[in-house]
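Asker: Would you mind keeping the following structure in view while I ask a few things?
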Amino acid sequence: MGHVGSAGLVMDNHGGNMITRRLLLTTAAAACCGLVAAPPVSAQSYPQRPIRIIVDRPAGVTHDLIARTLSDKLSASLKQTIVVDNRVGAGGNLAAEAVARSAPDGYTLLVALDTTLTVNPTLYEKLSFNPQADLRPLTIMATSTQMLVVHPSIPVNSVAEFVAYAKANPVSYAHGGNGSPGHLTMELFRMMAGFSATPVPYRGNTQLAVDLAAGQIKTGFVSPSGMIDHIRSGRLKGLAISAAKRSPVVPDIPTIAEAGYDFVHETYFVLLAPAGTPESIAALLEREARSALQSAELVRRFAEMNVNIVASSGAEARTRLEADAKLWVKVIHDTGMRAD
């Protein structure tokens, strides 16, 4: 047993100084005030419990399927359970807010449509999170394109003919909700091409596809993979896609750029972590996610769904998100677009 010496020193039984009482009290006080730094979180000990990936749209949509495929591969490489949680609502804002407000420890991640991060800050009057300040991009997982389709009752067979028709006739177009990819693509294209069109919002794409095929609504930008049967049967005409190159899903349909317009617009899907996630863990997640996404089996599988795997770096993802956020500020202001 030690005892207290006359000078306030803690002495061992051999008379040696152990530590001053004053130092003990100072250290304890500092710890209570948070002045003693906690040991840094290390990727060497991560992960020690299940990881949750929150997806900002319903189960079954494109980036939900990517998230679930990625989670299987990450679970194997990280040797830990990964749970996919669909948090639907407010155009992706509920999911993004949940991740932005979660502990930055690598155990809660977000898979989001690009518009949640680039469009919503302008489209919605108030957000409870800041995509640039509160979230850290890890990778752009993949991109997908939109296809301009028309009902056969519209007498056009090319982009040039469609633009001429739209300049001479009133046109209404279908989209899957304000701020959805189809809505944004048409607004961006019509501003560039110089024609007017009236948006008709739908809640999702199921009824939209039915009404397009039936001629209840005559045109719109839609996902090619969901319209192949309608195009092959002649119920719809595919005029062009919005990507930089033709899609293997619809190889006979040209790009809008082939019609002479400097127009490329792709939807993309992003993996993110909360801002403040330790650098070692963020780097590990970025590296493992990019490696998993680039597997030949995964690339082939999603190519058949009109999805192009990108697996960008986190820095590349941030640059693109910031540039697109600036683009959509102008489009939204110029069109008067508002959230549903």
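Letters A, B, ... mark the chains of the structure tokens in the order given; residue numbers begin at 1 per chain; ligand numbers begin at 1, in order shown.
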Compile the contact shell of stretch 68-72 of chain A as a ChimeraX atom specification: residues with an atom at most 7 Å away, counting only C-alpha atoms, same-chain residues fewer than 5 positions apart removed.

Answerer: /A:82,84,292-293

Asker: List the spatial neighbours of A:Glu304 as an mmCIF file with N, CA and C atoms, in the first residue's frame - criterion: any atom at most 12 Å away, only C-alpha atoms, same-chain residues fewer than 5 positions off excluded.

Answerer:
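Output saved as result_15.cif:
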```cif
data_model
loop_
_atom_site.group_PDB
_atom_site.id
_atom_site.type_symbol
_atom_site.label_atom_id
_atom_site.label_comp_id
_atom_site.auth_asym_id
_atom_site.auth_seq_id
_atom_site.Cartn_x
_atom_site.Cartn_y
_atom_site.Cartn_z
ATOM 1 N N THR A 62 -33.149 1.415 -59.019
ATOM 2 C CA THR A 62 -31.804 1.081 -59.502
ATOM 3 C C THR A 62 -30.744 1.166 -58.417
ATOM 4 N N SER A 144 -26.802 6.405 -64.912
ATOM 5 C CA SER A 144 -27.858 5.869 -65.764
ATOM 6 C C SER A 144 -28.348 7.008 -66.643
ATOM 7 N N PRO A 224 -34.612 3.914 -70.126
ATOM 8 C CA PRO A 224 -34.750 2.998 -71.277
ATOM 9 C C PRO A 224 -35.158 1.583 -70.881
ATOM 10 N N SER A 225 -34.581 1.078 -69.784
ATOM 11 C CA SER A 225 -34.838 -0.314 -69.425
ATOM 12 C C SER A 225 -36.305 -0.581 -69.124
ATOM 13 N N GLY A 226 -37.014 0.447 -68.649
ATOM 14 C CA GLY A 226 -38.428 0.244 -68.339
ATOM 15 C C GLY A 226 -39.345 0.402 -69.529
ATOM 16 N N ILE A 228 -38.458 -0.752 -72.912
ATOM 17 C CA ILE A 228 -38.041 -1.564 -74.065
ATOM 18 C C ILE A 228 -39.217 -2.290 -74.693
ATOM 19 N N SER A 247 -26.660 3.474 -75.502
ATOM 20 C CA SER A 247 -26.821 2.488 -74.444
ATOM 21 C C SER A 247 -26.866 1.084 -75.029
ATOM 22 N N PRO A 248 -26.190 0.108 -74.396
ATOM 23 C CA PRO A 248 -26.286 -1.270 -74.871
ATOM 24 C C PRO A 248 -27.686 -1.845 -74.720
ATOM 25 N N VAL A 249 -28.494 -1.210 -73.904
ATOM 26 C CA VAL A 249 -29.879 -1.669 -73.727
ATOM 27 C C VAL A 249 -30.710 -1.328 -74.953
ATOM 28 N N VAL A 250 -30.453 -0.152 -75.556
ATOM 29 C CA VAL A 250 -31.174 0.283 -76.764
ATOM 30 C C VAL A 250 -30.148 0.801 -77.772
ATOM 31 N N PRO A 251 -29.320 -0.064 -78.325
ATOM 32 C CA PRO A 251 -28.193 0.384 -79.170
ATOM 33 C C PRO A 251 -28.619 1.076 -80.457
ATOM 34 N N GLU A 297 -18.262 -9.170 -62.833
ATOM 35 C CA GLU A 297 -19.622 -9.713 -62.710
ATOM 36 C C GLU A 297 -20.626 -8.600 -62.426
ATOM 37 N N LEU A 298 -20.262 -7.662 -61.560
ATOM 38 C CA LEU A 298 -21.166 -6.574 -61.218
ATOM 39 C C LEU A 298 -21.320 -5.607 -62.392
ATOM 40 N N VAL A 299 -20.225 -5.287 -63.061
ATOM 41 C CA VAL A 299 -20.285 -4.390 -64.230
ATOM 42 C C VAL A 299 -21.195 -4.969 -65.304
ATOM 43 N N ILE A 309 -21.237 1.398 -64.517
ATOM 44 C CA ILE A 309 -20.468 1.481 -63.277
ATOM 45 C C ILE A 309 -19.340 2.494 -63.444
#
```

Asker: Do you have the atom CA of A:Leu65-atom CA of A:Met186 distance handy?

Answerer: 25.5 Å

Asker: For the strand (DSSP E or B) assignment from backbone DSSP, which residues of stretch 40-226 of chain A qualify? Please present them as a ChimeraX atom specification.

Answerer: /A:51-55,82-86,108-113,135-145,147-150,172-175,198-201,219-222

Asker: Take the residues just selected and output them with N, CA and C atoms as a tab-separated table (two decimals), in the first residue's frame.

Answerer:
```
chain	number	residue	atom	x	y	z
A	51	ILE	N	-22.77	-2.69	-40.12
A	51	ILE	CA	-22.83	-1.40	-40.80
A	51	ILE	C	-24.21	-1.26	-41.43
A	52	ARG	N	-24.76	-0.07	-41.38
A	52	ARG	CA	-26.07	0.18	-41.99
A	52	ARG	C	-25.91	1.12	-43.18
A	53	ILE	N	-26.46	0.72	-44.32
A	53	ILE	CA	-26.51	1.58	-45.51
A	53	ILE	C	-27.95	2.05	-45.68
A	54	ILE	N	-28.18	3.34	-45.57
A	54	ILE	CA	-29.51	3.91	-45.76
A	54	ILE	C	-29.65	4.36	-47.21
A	55	VAL	N	-30.70	3.89	-47.87
A	55	VAL	CA	-30.97	4.23	-49.27
A	55	VAL	C	-32.12	5.22	-49.31
A	82	ILE	N	-23.79	-6.22	-43.12
A	82	ILE	CA	-24.20	-4.91	-43.62
A	82	ILE	C	-25.71	-4.97	-43.88
A	83	VAL	N	-26.42	-4.04	-43.29
A	83	VAL	CA	-27.88	-3.99	-43.39
A	83	VAL	C	-28.28	-2.82	-44.29
A	84	VAL	N	-29.16	-3.07	-45.26
A	84	VAL	CA	-29.67	-2.01	-46.14
A	84	VAL	C	-31.03	-1.57	-45.61
A	85	ASP	N	-31.17	-0.27	-45.42
A	85	ASP	CA	-32.36	0.32	-44.81
A	85	ASP	C	-32.91	1.38	-45.76
A	86	ASN	N	-34.09	1.16	-46.31
A	86	ASN	CA	-34.71	2.14	-47.21
A	86	ASN	C	-35.46	3.18	-46.38
A	108	THR	N	-22.78	4.12	-40.32
A	108	THR	CA	-23.99	4.53	-41.02
A	108	THR	C	-23.57	5.24	-42.30
A	109	LEU	N	-24.00	4.69	-43.43
A	109	LEU	CA	-23.65	5.24	-44.74
A	109	LEU	C	-24.92	5.56	-45.52
A	110	LEU	N	-24.76	6.33	-46.57
A	110	LEU	CA	-25.90	6.75	-47.41
A	110	LEU	C	-25.65	6.37	-48.85
A	111	VAL	N	-26.66	5.81	-49.50
A	111	VAL	CA	-26.67	5.66	-50.95
A	111	VAL	C	-27.79	6.55	-51.47
A	112	ALA	N	-27.42	7.53	-52.29
A	112	ALA	CA	-28.39	8.54	-52.70
A	112	ALA	C	-28.35	8.80	-54.19
A	113	LEU	N	-29.51	9.19	-54.70
A	113	LEU	CA	-29.61	9.74	-56.05
A	113	LEU	C	-28.92	11.10	-56.05
A	135	LEU	N	-21.99	15.81	-45.26
A	135	LEU	CA	-21.80	14.49	-45.85
A	135	LEU	C	-20.49	14.44	-46.62
A	136	ARG	N	-19.84	13.30	-46.58
A	136	ARG	CA	-18.57	13.10	-47.29
A	136	ARG	C	-18.78	12.09	-48.41
A	137	PRO	N	-18.65	12.49	-49.69
A	137	PRO	CA	-18.77	11.52	-50.78
A	137	PRO	C	-17.62	10.51	-50.75
A	138	LEU	N	-17.95	9.25	-50.93
A	138	LEU	CA	-16.94	8.20	-51.00
A	138	LEU	C	-16.71	7.75	-52.44
A	139	THR	N	-17.78	7.67	-53.22
A	139	THR	CA	-17.64	7.29	-54.63
A	139	THR	C	-18.95	7.53	-55.36
A	140	ILE	N	-18.86	7.95	-56.62
A	140	ILE	CA	-20.01	7.84	-57.52
A	140	ILE	C	-20.01	6.39	-57.98
A	141	MET	N	-21.03	5.66	-57.60
A	141	MET	CA	-21.08	4.23	-57.89
A	141	MET	C	-21.35	3.98	-59.37
A	142	ALA	N	-22.33	4.69	-59.92
A	142	ALA	CA	-22.75	4.38	-61.29
A	142	ALA	C	-23.58	5.52	-61.85
A	143	THR	N	-23.80	5.48	-63.16
A	143	THR	CA	-24.67	6.43	-63.83
A	143	THR	C	-25.73	5.68	-64.64
A	144	SER	N	-26.80	6.40	-64.91
A	144	SER	CA	-27.86	5.87	-65.76
A	144	SER	C	-28.35	7.01	-66.64
A	145	THR	N	-28.97	6.67	-67.75
A	145	THR	CA	-29.39	7.70	-68.69
A	145	THR	C	-30.90	7.77	-68.80
A	147	MET	N	-34.20	8.48	-71.63
A	147	MET	CA	-34.53	8.37	-73.05
A	147	MET	C	-35.76	9.21	-73.36
A	148	LEU	N	-35.68	9.99	-74.42
A	148	LEU	CA	-36.82	10.78	-74.89
A	148	LEU	C	-37.74	9.87	-75.70
A	149	VAL	N	-38.97	9.71	-75.22
A	149	VAL	CA	-39.94	8.87	-75.92
A	149	VAL	C	-41.16	9.71	-76.30
A	150	VAL	N	-41.82	9.30	-77.38
A	150	VAL	CA	-43.07	9.94	-77.79
A	150	VAL	C	-44.07	8.87	-78.16
A	172	SER	N	-47.21	18.59	-73.67
A	172	SER	CA	-47.19	18.24	-72.25
A	172	SER	C	-46.34	16.99	-72.09
A	173	TYR	N	-45.57	16.93	-71.03
A	173	TYR	CA	-44.72	15.76	-70.83
A	173	TYR	C	-44.87	15.19	-69.43
A	174	ALA	N	-44.69	13.89	-69.33
A	174	ALA	CA	-44.82	13.18	-68.05
A	174	ALA	C	-43.47	13.12	-67.34
A	175	HIS	N	-43.54	13.19	-66.02
A	175	HIS	CA	-42.33	12.93	-65.23
A	175	HIS	C	-42.73	12.35	-63.87
A	198	THR	N	-45.27	21.68	-70.99
A	198	THR	CA	-45.96	21.69	-69.71
A	198	THR	C	-45.70	20.39	-68.96
A	199	PRO	N	-45.11	20.45	-67.77
A	199	PRO	CA	-44.85	19.21	-67.02
A	199	PRO	C	-46.11	18.66	-66.38
A	200	VAL	N	-46.24	17.35	-66.43
A	200	VAL	CA	-47.35	16.65	-65.77
A	200	VAL	C	-46.74	15.65	-64.80
A	201	PRO	N	-46.78	15.95	-63.49
A	201	PRO	CA	-46.11	15.07	-62.52
A	201	PRO	C	-46.91	13.82	-62.20
A	219	THR	N	-45.40	12.42	-74.27
A	219	THR	CA	-43.95	12.38	-74.31
A	219	THR	C	-43.35	12.47	-72.91
A	220	GLY	N	-42.05	12.22	-72.83
A	220	GLY	CA	-41.33	12.35	-71.56
A	220	GLY	C	-39.95	11.74	-71.67
A	221	PHE	N	-39.11	12.06	-70.71
A	221	PHE	CA	-37.83	11.39	-70.57
A	221	PHE	C	-37.99	10.29	-69.52
A	222	VAL	N	-37.60	9.08	-69.89
A	222	VAL	CA	-37.82	7.92	-69.01
A	222	VAL	C	-36.58	7.03	-69.04
```

Asker: When you look at A:Leu74 with a cut-off of 9 Å (counting only C-alpha atoms), what residues show up, excluding the ones that are within fewer than 6 positions of it in the same chain? I need them as a list in words.

Answerer: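 Listing them by chain and then by number gives Gln80, Thr81, Ile82, Leu285, Glu288, Ala289 and Ala292 of chain A.
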
Asker: Based on the selection just made, write C-alpha atoms of those residues as a PDB file, in the first residue's frame.

Answerer:
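Once everything was written out, this is out.pdb:
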```pdb
ATOM      1  CA  GLN A  80     -19.064  -7.842 -41.087  1.00  0.00           C
ATOM      2  CA  THR A  81     -22.844  -7.770 -41.509  1.00  0.00           C
ATOM      3  CA  ILE A  82     -24.204  -4.909 -43.617  1.00  0.00           C
ATOM      4  CA  LEU A 285     -14.607   2.312 -47.264  1.00  0.00           C
ATOM      5  CA  GLU A 288     -13.295  -1.380 -50.724  1.00  0.00           C
ATOM      6  CA  ALA A 289     -16.395   0.056 -52.387  1.00  0.00           C
ATOM      7  CA  ALA A 292     -16.259  -4.178 -55.301  1.00  0.00           C
TER       8      ALA A 292
END
```

Asker: Let me make sure I understand: among A:Arg318, A:Ile217, A:Ala240, A:Ser102, which one has the smallest atom-to-atom distance to A:Gly260 if we use only C-alpha atoms?

Answerer: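 Using only C-alpha atoms, A:Gly260 sits closest to A:Ala240.
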
Asker: Under the rule that only C-alpha atoms are counted, which of A:Tyr124, A:Glu286, A:Phe129, A:Ser75 is the nearest residue to A:Glu97?

Answerer: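 Checking each of A:Tyr124, A:Glu286, A:Phe129, A:Ser75 against A:Glu97, counting only C-alpha atoms, the winner is A:Phe129.
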
Asker: Taking into account only C-alpha atoms, which residue in the set A:His183, A:Lys218, A:Arg57, A:Arg290 is nearest to A:Ala96?

Answerer: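 Checking each of A:His183, A:Lys218, A:Arg57, A:Arg290 against A:Ala96, counting only C-alpha atoms, the winner is A:Arg57.
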
Asker: Please report the interatomic distance between atom CA of A:Gly194 and atom CA of A:Tyr261 in Å with one decimal.

Answerer: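 Separation of atom CA of A:Gly194 and atom CA of A:Tyr261: 11.6 Å.
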